[in-house]
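Okay, start-v8.cif is below, mmCIF, C-alpha atoms:
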data_target
#
loop_
_atom_site.label_atom_id
_atom_site.label_comp_id
_atom_site.auth_asym_id
_atom_site.auth_seq_id
_atom_site.Cartn_x
_atom_site.Cartn_y
_atom_site.Cartn_z
CA MET A 1 204.53 -126.37 -55.05
CA ALA A 2 201.95 -129.13 -54.68
CA SER A 3 200.58 -130.68 -57.84
CA GLU A 4 196.94 -130.54 -58.80
CA ASP A 5 196.55 -134.19 -57.82
CA ALA A 6 197.95 -133.48 -54.37
CA ARG A 7 195.58 -130.53 -53.89
CA TYR A 8 192.62 -132.61 -55.07
CA ARG A 9 193.45 -135.34 -52.55
CA GLN A 10 193.08 -132.76 -49.79
CA SER A 11 189.53 -131.85 -50.86
CA SER A 12 186.43 -133.19 -49.13
CA GLN A 13 185.27 -134.64 -52.46
CA PHE A 14 188.22 -137.02 -52.51
CA ARG A 15 188.49 -137.68 -48.77
CA LEU A 16 184.79 -138.25 -48.08
CA TRP A 17 183.10 -139.05 -51.38
CA SER A 18 185.53 -141.05 -53.50
CA PHE A 19 185.15 -144.82 -53.41
CA SER A 20 186.08 -147.94 -55.28
CA ARG A 21 183.26 -149.84 -56.91
CA SER A 22 183.23 -152.48 -54.18
CA GLU A 23 183.23 -149.86 -51.41
CA LEU A 24 180.31 -148.01 -52.99
CA ALA A 25 178.31 -151.21 -53.42
CA SER A 26 179.00 -152.15 -49.79
CA LEU A 27 177.80 -148.76 -48.52
CA ARG A 28 174.55 -149.05 -50.47
CA GLU A 29 173.93 -152.58 -49.24
CA LYS A 30 174.54 -151.44 -45.68
CA ALA A 31 172.11 -148.51 -46.04
CA ASN A 32 169.47 -150.86 -47.46
CA ALA A 33 169.94 -153.38 -44.64
CA LEU A 34 169.74 -150.70 -41.94
CA ALA A 35 166.57 -149.30 -43.48
CA ARG A 36 164.98 -152.74 -43.59
CA ALA A 37 165.78 -153.36 -39.94
CA SER A 38 164.57 -149.98 -38.66
CA ILE A 39 161.39 -149.96 -40.75
CA SER A 40 160.57 -153.53 -39.73
CA GLU A 41 160.94 -152.58 -36.08
CA ARG A 42 158.70 -149.54 -36.42
CA LEU A 43 156.02 -151.36 -38.39
CA SER A 44 156.03 -154.23 -35.90
CA SER A 45 155.70 -151.89 -32.91
CA THR A 46 152.91 -149.98 -34.64
CA SER A 47 151.11 -153.22 -35.43
CA SER A 48 151.44 -154.55 -31.87
CA SER A 49 150.12 -151.32 -30.35
CA SER A 50 147.14 -151.28 -32.73
CA THR A 51 146.47 -154.95 -32.01
CA THR A 52 146.48 -154.26 -28.26
CA ALA A 53 144.04 -151.37 -28.71
CA ASN A 54 141.72 -153.50 -30.83
CA LYS A 55 141.84 -156.27 -28.26
CA ASN A 56 140.88 -153.90 -25.44
CA ASN A 57 137.98 -152.55 -27.47
CA HIS A 58 136.89 -156.09 -28.27
CA ASP A 59 136.95 -157.09 -24.60
CA ARG A 60 134.80 -154.12 -23.61
CA SER A 61 132.23 -154.82 -26.29
CA ALA A 62 132.17 -158.53 -25.46
CA SER A 63 131.50 -157.86 -21.78
CA THR A 64 128.33 -155.90 -22.58
CA SER A 65 127.01 -158.35 -25.17
CA ASN A 66 125.34 -161.73 -24.76
CA ALA A 67 127.86 -164.36 -23.71
CA ASN A 68 126.24 -167.02 -25.91
CA THR A 69 126.56 -164.90 -29.07
CA PRO A 70 129.39 -166.22 -31.23
CA ASP A 71 132.19 -163.88 -32.29
CA PRO A 72 132.02 -163.54 -36.08
CA GLU A 73 135.57 -162.10 -36.28
CA GLY A 74 137.15 -165.00 -34.42
CA SER A 75 139.94 -164.20 -32.03
CA ALA A 76 140.66 -160.66 -31.04
CA GLY A 77 144.16 -160.75 -32.46
CA GLY A 78 143.01 -161.39 -36.03
CA ALA A 79 145.41 -162.36 -38.74
CA SER A 80 149.12 -162.32 -37.97
CA PHE A 81 151.05 -159.23 -39.05
CA ARG A 82 153.22 -159.57 -42.16
CA LEU A 83 156.03 -157.23 -43.13
CA PRO A 84 155.87 -155.70 -46.62
CA GLU A 85 158.28 -156.57 -49.38
CA PHE A 86 161.20 -154.15 -49.21
CA LEU A 87 163.09 -152.58 -52.09
CA THR A 88 166.29 -154.24 -53.23
CA VAL A 89 169.57 -152.39 -53.71
CA ALA A 90 169.07 -152.49 -57.49
CA GLU A 91 165.56 -151.04 -57.19
CA GLU A 92 166.84 -148.24 -54.97
CA ALA A 93 169.56 -147.46 -57.52
CA LEU A 94 166.92 -147.34 -60.24
CA MET A 95 164.84 -144.83 -58.26
CA VAL A 96 167.88 -142.67 -57.48
CA THR A 97 168.74 -142.56 -61.18
CA PHE A 98 165.16 -141.73 -62.12
CA TYR A 99 164.86 -138.89 -59.61
CA THR A 100 168.29 -137.56 -60.59
CA SER A 101 167.01 -137.23 -64.16
CA GLN A 102 163.91 -135.48 -62.82
CA LEU A 103 166.11 -133.11 -60.78
CA LEU A 104 168.21 -132.21 -63.81
CA GLY A 105 165.09 -131.64 -65.88
CA ALA A 106 163.56 -129.42 -63.22
CA GLY A 107 166.75 -127.38 -62.90
CA GLU A 108 166.98 -126.90 -66.64
CA ALA A 109 163.32 -125.91 -66.88
CA ALA A 110 163.85 -123.37 -64.09
CA GLY A 111 166.77 -121.78 -65.95
CA MET A 112 169.44 -122.75 -63.41
CA SER A 113 173.10 -122.79 -64.39
CA ASP A 114 175.04 -125.96 -65.16
CA GLU A 115 177.01 -125.65 -61.91
CA VAL A 116 173.86 -125.35 -59.77
CA CYS A 117 172.21 -128.37 -61.40
CA ALA A 118 175.41 -130.42 -61.16
CA THR A 119 175.95 -129.54 -57.51
CA ALA A 120 172.34 -130.36 -56.66
CA ALA A 121 172.61 -133.72 -58.42
CA ALA A 122 175.85 -134.48 -56.57
CA PHE A 123 174.22 -133.62 -53.23
CA PHE A 124 171.21 -135.80 -54.03
CA ARG A 125 173.28 -138.83 -55.01
CA ARG A 126 175.62 -138.41 -52.04
CA PHE A 127 172.68 -138.29 -49.66
CA TYR A 128 171.30 -141.61 -50.87
CA ILE A 129 174.56 -143.47 -50.41
CA THR A 130 174.21 -143.60 -46.64
CA ASN A 131 170.42 -143.14 -46.57
CA SER A 132 167.75 -145.28 -48.14
CA ILE A 133 164.97 -144.32 -50.52
CA MET A 134 162.65 -146.17 -48.13
CA THR A 135 163.62 -143.86 -45.27
CA TYR A 136 163.43 -140.35 -46.75
CA PRO A 137 161.15 -139.40 -49.68
CA PRO A 138 163.19 -138.72 -52.84
CA GLN A 139 160.40 -136.65 -54.43
CA ASP A 140 160.93 -134.10 -51.63
CA MET A 141 164.70 -134.41 -51.21
CA MET A 142 165.37 -133.64 -54.88
CA PHE A 143 163.85 -130.16 -54.50
CA VAL A 144 165.72 -129.69 -51.23
CA ALA A 145 168.94 -130.54 -53.09
CA LEU A 146 168.08 -128.04 -55.84
CA PHE A 147 167.40 -125.26 -53.33
CA PHE A 148 170.57 -125.96 -51.39
CA GLY A 149 172.57 -126.33 -54.60
CA CYS A 150 171.72 -122.71 -55.39
CA LYS A 151 173.19 -121.65 -52.05
CA ALA A 152 176.31 -123.78 -52.44
CA GLU A 153 177.04 -122.11 -55.79
CA GLY A 154 176.65 -118.58 -54.44
CA HIS A 155 173.01 -117.92 -55.32
CA PHE A 156 170.69 -117.19 -52.43
CA PRO A 157 167.09 -117.00 -53.61
CA ARG A 158 164.27 -116.61 -51.14
CA ILE A 159 162.23 -119.75 -50.74
CA GLY A 160 159.22 -118.04 -52.32
CA ASP A 161 161.28 -116.90 -55.30
CA PHE A 162 162.74 -120.38 -55.66
CA LEU A 163 159.31 -121.99 -55.83
CA ASN A 164 158.30 -119.49 -58.53
CA MET A 165 161.32 -120.08 -60.77
CA GLY A 166 160.05 -121.17 -64.17
CA ALA A 167 158.53 -124.65 -64.16
CA LEU A 168 159.00 -125.00 -60.38
CA SER A 169 155.85 -122.94 -59.87
CA SER A 170 153.81 -125.94 -60.98
CA ILE A 171 155.14 -128.43 -58.43
CA LYS A 172 152.80 -127.11 -55.71
CA LYS A 173 155.32 -127.43 -52.88
CA GLN A 174 154.99 -125.51 -49.64
CA PRO A 175 158.03 -123.59 -48.35
CA GLU A 176 158.15 -125.62 -45.14
CA GLU A 177 158.44 -128.83 -47.15
CA ILE A 178 161.69 -127.57 -48.68
CA LEU A 179 163.11 -125.97 -45.55
CA ALA A 180 162.35 -129.02 -43.39
CA GLY A 181 164.87 -131.12 -45.32
CA GLU A 182 167.78 -128.68 -45.48
CA PHE A 183 169.58 -129.66 -42.29
CA LEU A 184 168.79 -133.31 -42.97
CA LEU A 185 170.52 -132.98 -46.36
CA CYS A 186 173.52 -131.26 -44.78
CA GLN A 187 173.89 -134.12 -42.33
CA GLY A 188 173.57 -136.67 -45.09
CA ILE A 189 176.33 -135.13 -47.20
CA ARG A 190 178.51 -134.71 -44.08
CA PHE A 191 178.55 -130.92 -44.46
CA ALA A 192 180.80 -131.21 -47.54
CA PHE A 193 179.43 -128.36 -49.64
CA ASP A 194 182.33 -128.03 -52.09
CA VAL A 195 181.74 -130.01 -55.29
CA LYS A 196 184.41 -129.90 -57.98
CA HIS A 197 183.04 -130.19 -61.52
CA PRO A 198 184.73 -130.88 -64.88
CA PHE A 199 183.23 -127.89 -66.71
CA ARG A 200 186.20 -125.57 -66.21
CA ALA A 201 188.57 -128.39 -67.13
CA LEU A 202 186.78 -128.65 -70.48
CA ILE A 203 187.37 -124.94 -71.11
CA GLY A 204 191.07 -125.43 -70.36
CA ALA A 205 191.23 -128.43 -72.69
CA GLY A 206 189.81 -126.34 -75.52
CA MET A 207 192.37 -123.62 -74.90
CA GLU A 208 195.20 -126.17 -74.91
CA LEU A 209 194.00 -127.73 -78.16
CA ARG A 210 193.94 -124.30 -79.80
CA ARG A 211 197.45 -123.63 -78.53
CA LEU A 212 198.76 -126.83 -80.12
CA GLY A 213 197.68 -125.62 -83.53
CA GLY A 214 196.87 -127.52 -86.69
CA ILE A 215 193.30 -128.33 -85.58
CA PRO A 216 190.30 -126.73 -87.33
CA GLU A 217 188.31 -124.44 -85.08
CA ASP A 218 185.02 -126.03 -86.12
CA ARG A 219 186.25 -129.43 -84.94
CA ILE A 220 187.25 -128.08 -81.54
CA ARG A 221 183.94 -126.27 -81.08
CA ALA A 222 181.92 -129.35 -82.07
CA ALA A 223 183.89 -131.50 -79.62
CA GLU A 224 183.43 -128.95 -76.82
CA SER A 225 179.69 -128.73 -77.42
CA ARG A 226 179.19 -132.50 -77.43
CA ALA A 227 181.44 -133.03 -74.41
CA LYS A 228 179.54 -130.39 -72.46
CA GLN A 229 176.25 -132.17 -73.16
CA ILE A 230 177.76 -135.37 -71.79
CA LEU A 231 179.07 -133.60 -68.68
CA ARG A 232 175.66 -132.02 -68.03
CA PHE A 233 173.88 -135.38 -67.97
CA SER A 234 175.94 -138.56 -68.23
CA SER A 235 178.49 -137.73 -65.54
CA LEU A 236 175.76 -136.67 -63.09
CA ILE A 237 173.32 -139.53 -63.51
CA THR A 238 176.03 -142.19 -63.16
CA ASP A 239 178.54 -142.87 -60.38
CA ALA A 240 181.36 -141.11 -62.22
CA TYR A 241 181.81 -138.45 -59.52
CA PHE A 242 182.41 -141.19 -56.91
CA HIS A 243 185.12 -143.01 -58.90
CA TYR A 244 186.98 -140.46 -61.01
CA THR A 245 188.49 -136.98 -60.75
CA PRO A 246 186.98 -134.01 -62.61
CA SER A 247 189.82 -134.01 -65.16
CA GLN A 248 189.36 -137.72 -65.85
CA ILE A 249 185.63 -137.23 -66.35
CA MET A 250 186.32 -134.33 -68.72
CA LEU A 251 188.76 -136.37 -70.80
CA ALA A 252 186.31 -139.28 -70.96
CA ALA A 253 183.55 -136.94 -72.18
CA LEU A 254 185.94 -135.39 -74.72
CA SER A 255 186.90 -138.88 -75.86
CA HIS A 256 183.23 -139.60 -76.51
CA ALA A 257 182.95 -136.40 -78.52
CA ASP A 258 186.22 -136.76 -80.44
CA ARG A 259 188.60 -139.55 -79.51
CA GLY A 260 191.40 -138.16 -81.68
CA LEU A 261 191.45 -134.81 -79.88
CA ALA A 262 191.38 -136.45 -76.47
CA GLU A 263 194.26 -138.78 -77.28
CA ARG A 264 196.33 -135.95 -78.74
CA LEU A 265 195.78 -133.92 -75.59
CA ILE A 266 196.81 -136.86 -73.40
CA HIS A 267 199.92 -137.70 -75.43
CA ASN A 268 200.98 -134.07 -75.47
CA THR A 269 200.53 -133.78 -71.70
CA PHE A 270 202.29 -136.98 -70.62
CA HIS A 271 205.40 -136.60 -72.75
CA LEU A 272 208.40 -136.58 -70.42
CA PRO A 273 210.73 -139.59 -70.57
CA THR A 274 210.50 -142.05 -67.70
CA ALA A 275 214.12 -141.67 -66.59
CA PRO A 276 215.46 -138.18 -67.32
CA ILE A 277 219.11 -137.92 -68.27
CA LYS A 278 221.24 -137.13 -65.25
CA VAL A 279 224.53 -135.29 -65.26
CA GLU A 280 227.05 -137.59 -63.62
CA SER A 281 230.41 -136.29 -62.50
CA GLY A 282 232.70 -137.53 -59.78
CA ALA A 283 234.45 -134.19 -59.42
CA ASP A 284 233.34 -131.14 -57.52
CA THR A 285 234.17 -128.91 -60.45
CA PRO A 286 231.27 -127.37 -62.43
CA VAL A 287 229.92 -129.30 -65.39
CA ASP A 288 229.45 -127.18 -68.51
CA GLY A 289 229.91 -124.11 -66.37
CA VAL A 290 227.10 -125.09 -63.96
CA PRO A 291 227.88 -126.07 -60.35
CA LYS A 292 227.22 -129.71 -59.46
CA GLU A 293 224.67 -128.77 -56.76
CA ASN A 294 222.57 -126.92 -59.33
CA ASN A 295 222.67 -129.92 -61.66
CA ALA A 296 221.54 -132.26 -58.87
CA ARG A 297 218.71 -129.93 -57.96
CA LYS A 298 217.64 -129.79 -61.60
CA ASP A 299 217.73 -133.60 -61.84
CA ARG A 300 215.46 -133.95 -58.79
CA ALA A 301 213.03 -131.45 -60.28
CA ASN A 302 212.95 -133.40 -63.54
CA GLU A 303 212.36 -136.64 -61.66
CA ASP A 304 209.44 -135.13 -59.75
CA LYS A 305 207.99 -133.75 -62.96
CA ALA A 306 208.39 -137.08 -64.77
CA ALA A 307 206.62 -138.86 -61.91
CA ILE A 308 203.56 -136.71 -62.62
CA ILE A 309 203.51 -136.31 -66.40
CA GLY A 310 205.95 -138.98 -67.54
CA GLN A 311 205.35 -141.40 -70.38
CA HIS A 312 204.93 -144.32 -67.94
CA ILE A 313 201.84 -142.58 -66.49
CA ARG A 314 200.23 -142.28 -69.93
CA ASP A 315 199.05 -145.88 -70.15
CA ARG A 316 197.51 -145.74 -66.69
CA VAL A 317 195.68 -142.54 -67.54
CA LEU A 318 194.39 -143.96 -70.81
CA GLY A 319 193.10 -147.05 -69.02
CA THR A 320 191.32 -144.98 -66.38
CA ILE A 321 189.75 -142.69 -68.96
CA GLU A 322 188.59 -145.67 -71.01
CA ALA A 323 186.86 -147.13 -67.93
CA CYS A 324 185.18 -143.79 -67.21
CA ARG A 325 184.20 -143.52 -70.88
CA ASP A 326 182.51 -146.91 -70.66
CA MET A 327 180.54 -145.80 -67.58
CA LEU A 328 179.34 -142.63 -69.29
CA SER A 329 178.29 -144.57 -72.39
CA HIS A 330 175.49 -146.28 -70.42
CA GLU A 331 173.70 -142.95 -69.90
CA MET A 332 174.23 -140.74 -72.93
CA PRO A 333 172.41 -137.37 -73.07
CA GLU A 334 169.81 -138.68 -75.51
CA ARG A 335 168.44 -140.98 -72.81
CA SER A 336 167.27 -137.94 -70.87
CA ARG A 337 164.28 -137.56 -73.19
CA GLU A 338 164.23 -140.83 -75.10
CA HIS A 339 164.33 -143.06 -72.03
CA TRP A 340 163.70 -141.56 -68.60
CA GLN A 341 160.93 -139.18 -69.69
CA THR A 342 158.98 -141.65 -71.81
CA LYS A 343 155.63 -142.99 -70.68
CA GLU A 344 156.56 -146.59 -71.45
CA ILE A 345 159.66 -146.58 -69.24
CA TYR A 346 157.76 -144.91 -66.42
CA GLN A 347 154.95 -147.47 -66.47
CA ASP A 348 157.16 -150.52 -66.99
CA LEU A 349 160.10 -149.74 -64.70
CA VAL A 350 159.42 -146.83 -62.36
CA LEU A 351 155.74 -147.15 -61.47
CA PRO A 352 155.93 -150.74 -60.10
CA VAL A 353 158.81 -149.75 -57.82
CA LYS A 354 156.96 -146.62 -56.65
CA LYS A 355 153.93 -148.73 -55.71
CA LYS A 356 156.19 -151.10 -53.83
CA LEU A 357 157.86 -148.14 -52.11
CA LYS A 358 154.55 -146.82 -50.77
CA LYS A 359 154.05 -150.03 -48.82
CA CYS A 360 157.52 -150.27 -47.29
CA ARG A 361 158.53 -146.68 -46.57
CA ASP A 362 159.40 -145.52 -43.06
CA PRO A 363 156.19 -144.38 -41.31
CA ASP A 364 158.07 -141.91 -39.08
CA ARG A 365 160.26 -140.27 -41.74
CA SER A 366 158.15 -140.13 -44.88
CA ASN A 367 156.84 -136.66 -43.92
CA LEU A 368 159.77 -134.24 -43.55
CA VAL A 369 157.69 -131.48 -41.97
CA ALA A 370 156.28 -133.77 -39.28
CA LEU A 371 159.74 -135.25 -38.71
CA GLN A 372 161.28 -131.81 -38.17
CA ARG A 373 158.48 -130.84 -35.78
CA ALA A 374 158.93 -134.04 -33.76
CA ARG A 375 162.68 -133.51 -33.50
CA ARG A 376 162.22 -129.94 -32.34
CA GLU A 377 159.80 -131.05 -29.64
CA LYS A 378 162.20 -133.76 -28.55
CA ALA A 379 165.08 -131.27 -28.36
CA LEU A 380 162.89 -128.86 -26.41
CA LYS A 381 161.99 -131.51 -23.84
CA LYS A 382 165.60 -132.61 -23.57
CA SER A 383 166.74 -129.06 -22.87
CA GLY A 384 164.33 -128.79 -19.93
CA GLY A 385 161.44 -126.94 -21.56
CA SER A 386 157.85 -128.00 -21.11
CA GLU A 387 154.84 -127.56 -23.29
CA ASP A 388 152.94 -125.99 -20.39
CA GLY A 389 155.38 -123.09 -20.15
CA GLY A 390 155.06 -119.99 -22.26
CA PRO A 391 157.29 -118.90 -25.11
CA ASP A 392 159.62 -116.99 -22.79
CA ASP A 393 160.15 -120.05 -20.60
CA ARG A 394 160.99 -122.20 -23.60
CA ALA A 395 163.41 -119.67 -25.04
CA THR A 396 165.16 -119.27 -21.67
CA ALA A 397 165.43 -123.01 -21.14
CA GLY A 398 166.78 -123.67 -24.62
CA THR A 399 169.19 -120.72 -24.83
CA LYS A 400 170.66 -120.61 -21.36
CA GLY A 401 171.04 -124.37 -21.12
CA ASP A 402 172.82 -124.51 -24.45
CA ASP A 403 175.11 -121.59 -23.55
CA ALA A 404 176.03 -123.19 -20.23
CA GLY A 405 176.85 -126.46 -21.95
CA ILE A 406 179.12 -124.73 -24.46
CA PHE A 407 180.68 -121.82 -22.56
CA GLY A 408 180.20 -123.01 -18.98
CA GLY A 409 178.04 -121.56 -16.22
CA ASP A 410 178.10 -118.04 -14.83
CA LEU A 411 181.46 -117.03 -13.38
CA VAL A 412 179.74 -115.03 -10.66
CA GLN A 413 176.54 -116.15 -8.97
CA ARG A 414 174.14 -113.22 -9.08
CA ASP A 415 170.98 -112.73 -7.10
CA SER A 416 167.79 -113.26 -9.05
CA LYS A 417 166.47 -109.90 -7.75
CA ARG A 418 168.35 -106.65 -8.03
CA ARG A 419 168.45 -104.53 -4.88
CA LYS A 420 169.33 -100.89 -4.64
CA VAL A 421 172.27 -100.29 -2.35
CA ALA A 422 173.03 -96.89 -0.96
CA PRO A 423 176.53 -95.50 -1.46
CA GLY A 424 178.91 -96.72 1.20
CA GLN A 425 176.70 -99.61 2.39
CA GLY A 426 177.93 -102.31 0.02
CA PRO A 427 181.35 -104.01 0.12
CA ALA A 428 183.68 -101.37 -1.31
CA LEU A 429 181.15 -100.08 -3.84
CA ASP A 430 182.64 -96.58 -3.67
CA ASP A 431 185.99 -97.85 -4.96
CA PRO A 432 185.65 -99.47 -8.41
CA PHE A 433 188.83 -101.50 -7.76
CA GLY A 434 187.79 -102.78 -4.32
CA GLY A 435 189.15 -102.10 -0.88
CA PRO A 436 192.79 -101.91 0.12
CA LEU A 437 194.80 -105.12 0.21
#
Could you spell out this file's structure in structure tokens?
Amino acid sequence: MASEDARYRQSSQFRLWSFSRSELASLREKANALARASISERLSSTSSSSTTANKNNHDRSASTSNANTPDPEGSAGGASFRLPEFLTVAEEALMVTFYTSQLLGAGEAAGMSDEVCATAAAFFRRFYITNSIMTYPPQDMMFVALFFGCKAEGHFPRIGDFLNMGALSSIKKQPEEILAGEFLLCQGIRFAFDVKHPFRALIGAGMELRRLGGIPEDRIRAAESRAKQILRFSSLITDAYFHYTPSQIMLAALSHADRGLAERLIHNTFHLPTAPIKVESGADTPVDGVPKENNARKDRANEDKAAIIGQHIRDRVLGTIEACRDMLSHEMPERSREHWQTKEIYQDLVLPVKKKLKKCRDPDRSNLVALQRARREKALKKSGGSEDGGPDDRATAGTKGDDAGIFGGDLVQRDSKRRKVAPGQGPALDDPFGGPL
């Protein structure tokens, strides 16, 4: 039977969304560079087209005016176009962290479960690894992630009910603003909807600690409560999900809550000796009444077990958990209210970056509703539809063309008009199986 580690390595969370620190930094730098290049190109083309239009208007007005009248505005081109100052990778990371805290606060105010909020936060942070804050608006995508997080966790509220859930009724969002970003979010997270969280692992750790015995119940409950607070905030607002497994994150949170309990759990789990004692015998006779083949099979099983939970693995696990613990310590749950929701932090850190973002955001993708409409029109034109045709023409062009591309054309070419044929006049119509061979 495959171990839990082997099963986790087969999940989309490990295959698609687990990175080393250098890989994650490289992906974010690449997303930032691509956004800079695409936005610069769009802003330059927009500026050149507006400059050409202004020049044409200037030429027309100059031809009707007195030739000796000087031009107060100088040349028709005006001042040269300058690109705005773009966000850095660090500033984008700051905005992602800020909006993740806003997402978690909105989910908690709306009464959503821990799993829904955690899944939504994971979707949001995954999306902005390969996409830039300058390209798609985070203030819209965070609500899209919340709505889709409900679906991913088995809750399917109507869009109207979702916008009326608790404090969400005050955000004044239109349903189309949420729905317009759903498919975009799915593309950004590479259609990996399964997010594995450490909450159930924490429940199992509590059960194991109670089984060991000798630990006061109040101590276990206090550690569970504190660790759960850390998992609900610290693990979601940092990059822990991209670097560590759910069990490692759980143990790091438990170590923050009660280091003694976490270390006892680890030492009790990784307890097998490195090299299990083997039964050596040069004879084919049974050893201690057990056939030699059974002993060899038992030795291999012990070796496999020791490779997973042996004492030599303990130090590696402790080192990994300590690194995860250090990452979580930078964003403890108290910072949710004492840092990210304070007026001073917003004005000193967040507001300057938001003002900078308004000047350098993508002009074609800052409005999700308009972007979705433009893509639909482009797909309609590509499929052969025209705006002059009616709704039936568009539906026929889009549906039949798509079906032909997927399933192939009609097997039998049929006439566009149906004609009534009298019995006996058509080719073997009287016989349903055709004429004789």
Apply the PyMOL selection byres ((chain A and resi 248) around 9) to the file shown and report the selected residues as a short mmCIF file (atom, residue, chain, number, x, y, z; two decimals) with C-alpha atoms, in the coordinates of the input.
data_model
loop_
_atom_site.label_atom_id
_atom_site.label_comp_id
_atom_site.auth_asym_id
_atom_site.auth_seq_id
_atom_site.Cartn_x
_atom_site.Cartn_y
_atom_site.Cartn_z
CA PRO A 198 184.73 -130.88 -64.88
CA TYR A 244 186.98 -140.46 -61.01
CA THR A 245 188.49 -136.98 -60.75
CA PRO A 246 186.98 -134.01 -62.61
CA SER A 247 189.82 -134.01 -65.16
CA ILE A 249 185.63 -137.23 -66.35
CA MET A 250 186.32 -134.33 -68.72
CA LEU A 251 188.76 -136.37 -70.80
CA ALA A 252 186.31 -139.28 -70.96
CA ALA A 253 183.55 -136.94 -72.18
CA VAL A 317 195.68 -142.54 -67.54
CA THR A 320 191.32 -144.98 -66.38
CA ILE A 321 189.75 -142.69 -68.96
CA CYS A 324 185.18 -143.79 -67.21
#
Give me the residues near Ser113 in chain A as a list in words, where near means some atom within 12 Å (using only C-alpha atoms) and where sequence neighbours in that chain fewer than 6 positions away do not count. Leu104, Ala106, Gly107, Thr119, Ala120, Leu146, Gly149, Cys150, Glu153, Gly154, His155, Phe199 and Arg232 of chain A
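Minimum atom-to-atom distances from A:Val369, A:Leu261, A:Ile203, A:Leu103 to Arg219 in chain A were compared using only C-alpha atoms, and the lowest value belongs to A:Leu261.
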Provide the CA of Phe156 in chain A to CA of Glu377 in chain A distance in Å, to one decimal place.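 Here the two named atoms are 28.8 Å from each other.
Note on the selection: in this file the PyMOL selection byres ((chain A and resi 325-335) around 6) comes out as A:Ile230, A:Phe233, A:Ser234, A:Ala252, A:Ile321, A:Glu322, A:Ala323, A:Cys324, A:Ser336, A:Arg337, A:Glu338, A:His339.
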Could the residues in this selection be written to a file with C-alpha atoms, as an mmCIF file, in the frame of the given file?
data_model
loop_
_atom_site.group_PDB
_atom_site.id
_atom_site.type_symbol
_atom_site.label_atom_id
_atom_site.label_comp_id
_atom_site.auth_asym_id
_atom_site.auth_seq_id
_atom_site.Cartn_x
_atom_site.Cartn_y
_atom_site.Cartn_z
ATOM 1 C CA ILE A 230 177.760 -135.370 -71.790
ATOM 2 C CA PHE A 233 173.880 -135.380 -67.970
ATOM 3 C CA SER A 234 175.940 -138.560 -68.230
ATOM 4 C CA ALA A 252 186.310 -139.280 -70.960
ATOM 5 C CA ILE A 321 189.750 -142.690 -68.960
ATOM 6 C CA GLU A 322 188.590 -145.670 -71.010
ATOM 7 C CA ALA A 323 186.860 -147.130 -67.930
ATOM 8 C CA CYS A 324 185.180 -143.790 -67.210
ATOM 9 C CA SER A 336 167.270 -137.940 -70.870
ATOM 10 C CA ARG A 337 164.280 -137.560 -73.190
ATOM 11 C CA GLU A 338 164.230 -140.830 -75.100
ATOM 12 C CA HIS A 339 164.330 -143.060 -72.030
#
Can you take the partial range 212-219 of chain A, add N, CA, C and O atoms, and return it as a PDB file, in the coordinates of the input?
ATOM      1  N   LEU A 212     197.947-125.864 -79.383  1.00  0.00           N
ATOM      2  CA  LEU A 212     198.760-126.830 -80.120  1.00  0.00           C
ATOM      3  C   LEU A 212     198.811-126.510 -81.602  1.00  0.00           C
ATOM      4  O   LEU A 212     199.820-126.747 -82.265  1.00  0.00           O
ATOM      5  N   GLY A 213     197.718-126.005 -82.124  1.00  0.00           N
ATOM      6  CA  GLY A 213     197.680-125.620 -83.530  1.00  0.00           C
ATOM      7  C   GLY A 213     197.453-126.806 -84.457  1.00  0.00           C
ATOM      8  O   GLY A 213     197.567-127.975 -84.086  1.00  0.00           O
ATOM      9  N   GLY A 214     197.083-126.488 -85.692  1.00  0.00           N
ATOM     10  CA  GLY A 214     196.870-127.520 -86.690  1.00  0.00           C
ATOM     11  C   GLY A 214     195.527-128.220 -86.599  1.00  0.00           C
ATOM     12  O   GLY A 214     195.305-129.225 -87.277  1.00  0.00           O
ATOM     13  N   ILE A 215     194.616-127.713 -85.754  1.00  0.00           N
ATOM     14  CA  ILE A 215     193.300-128.330 -85.580  1.00  0.00           C
ATOM     15  C   ILE A 215     192.243-127.318 -86.018  1.00  0.00           C
ATOM     16  O   ILE A 215     192.253-126.176 -85.545  1.00  0.00           O
ATOM     17  N   PRO A 216     191.342-127.685 -86.910  1.00  0.00           N
ATOM     18  CA  PRO A 216     190.300-126.730 -87.330  1.00  0.00           C
ATOM     19  C   PRO A 216     189.451-126.270 -86.151  1.00  0.00           C
ATOM     20  O   PRO A 216     189.110-127.057 -85.254  1.00  0.00           O
ATOM     21  N   GLU A 217     189.109-125.011 -86.161  1.00  0.00           N
ATOM     22  CA  GLU A 217     188.310-124.440 -85.080  1.00  0.00           C
ATOM     23  C   GLU A 217     186.937-125.085 -84.996  1.00  0.00           C
ATOM     24  O   GLU A 217     186.403-125.304 -83.893  1.00  0.00           O
ATOM     25  N   ASP A 218     186.339-125.407 -86.137  1.00  0.00           N
ATOM     26  CA  ASP A 218     185.020-126.030 -86.120  1.00  0.00           C
ATOM     27  C   ASP A 218     185.054-127.384 -85.420  1.00  0.00           C
ATOM     28  O   ASP A 218     184.103-127.750 -84.714  1.00  0.00           O
ATOM     29  N   ARG A 219     186.130-128.121 -85.600  1.00  0.00           N
ATOM     30  CA  ARG A 219     186.250-129.430 -84.940  1.00  0.00           C
ATOM     31  C   ARG A 219     186.348-129.277 -83.426  1.00  0.00           C
ATOM     32  O   ARG A 219     185.722-130.035 -82.676  1.00  0.00           O
TER      33      ARG A 219
END
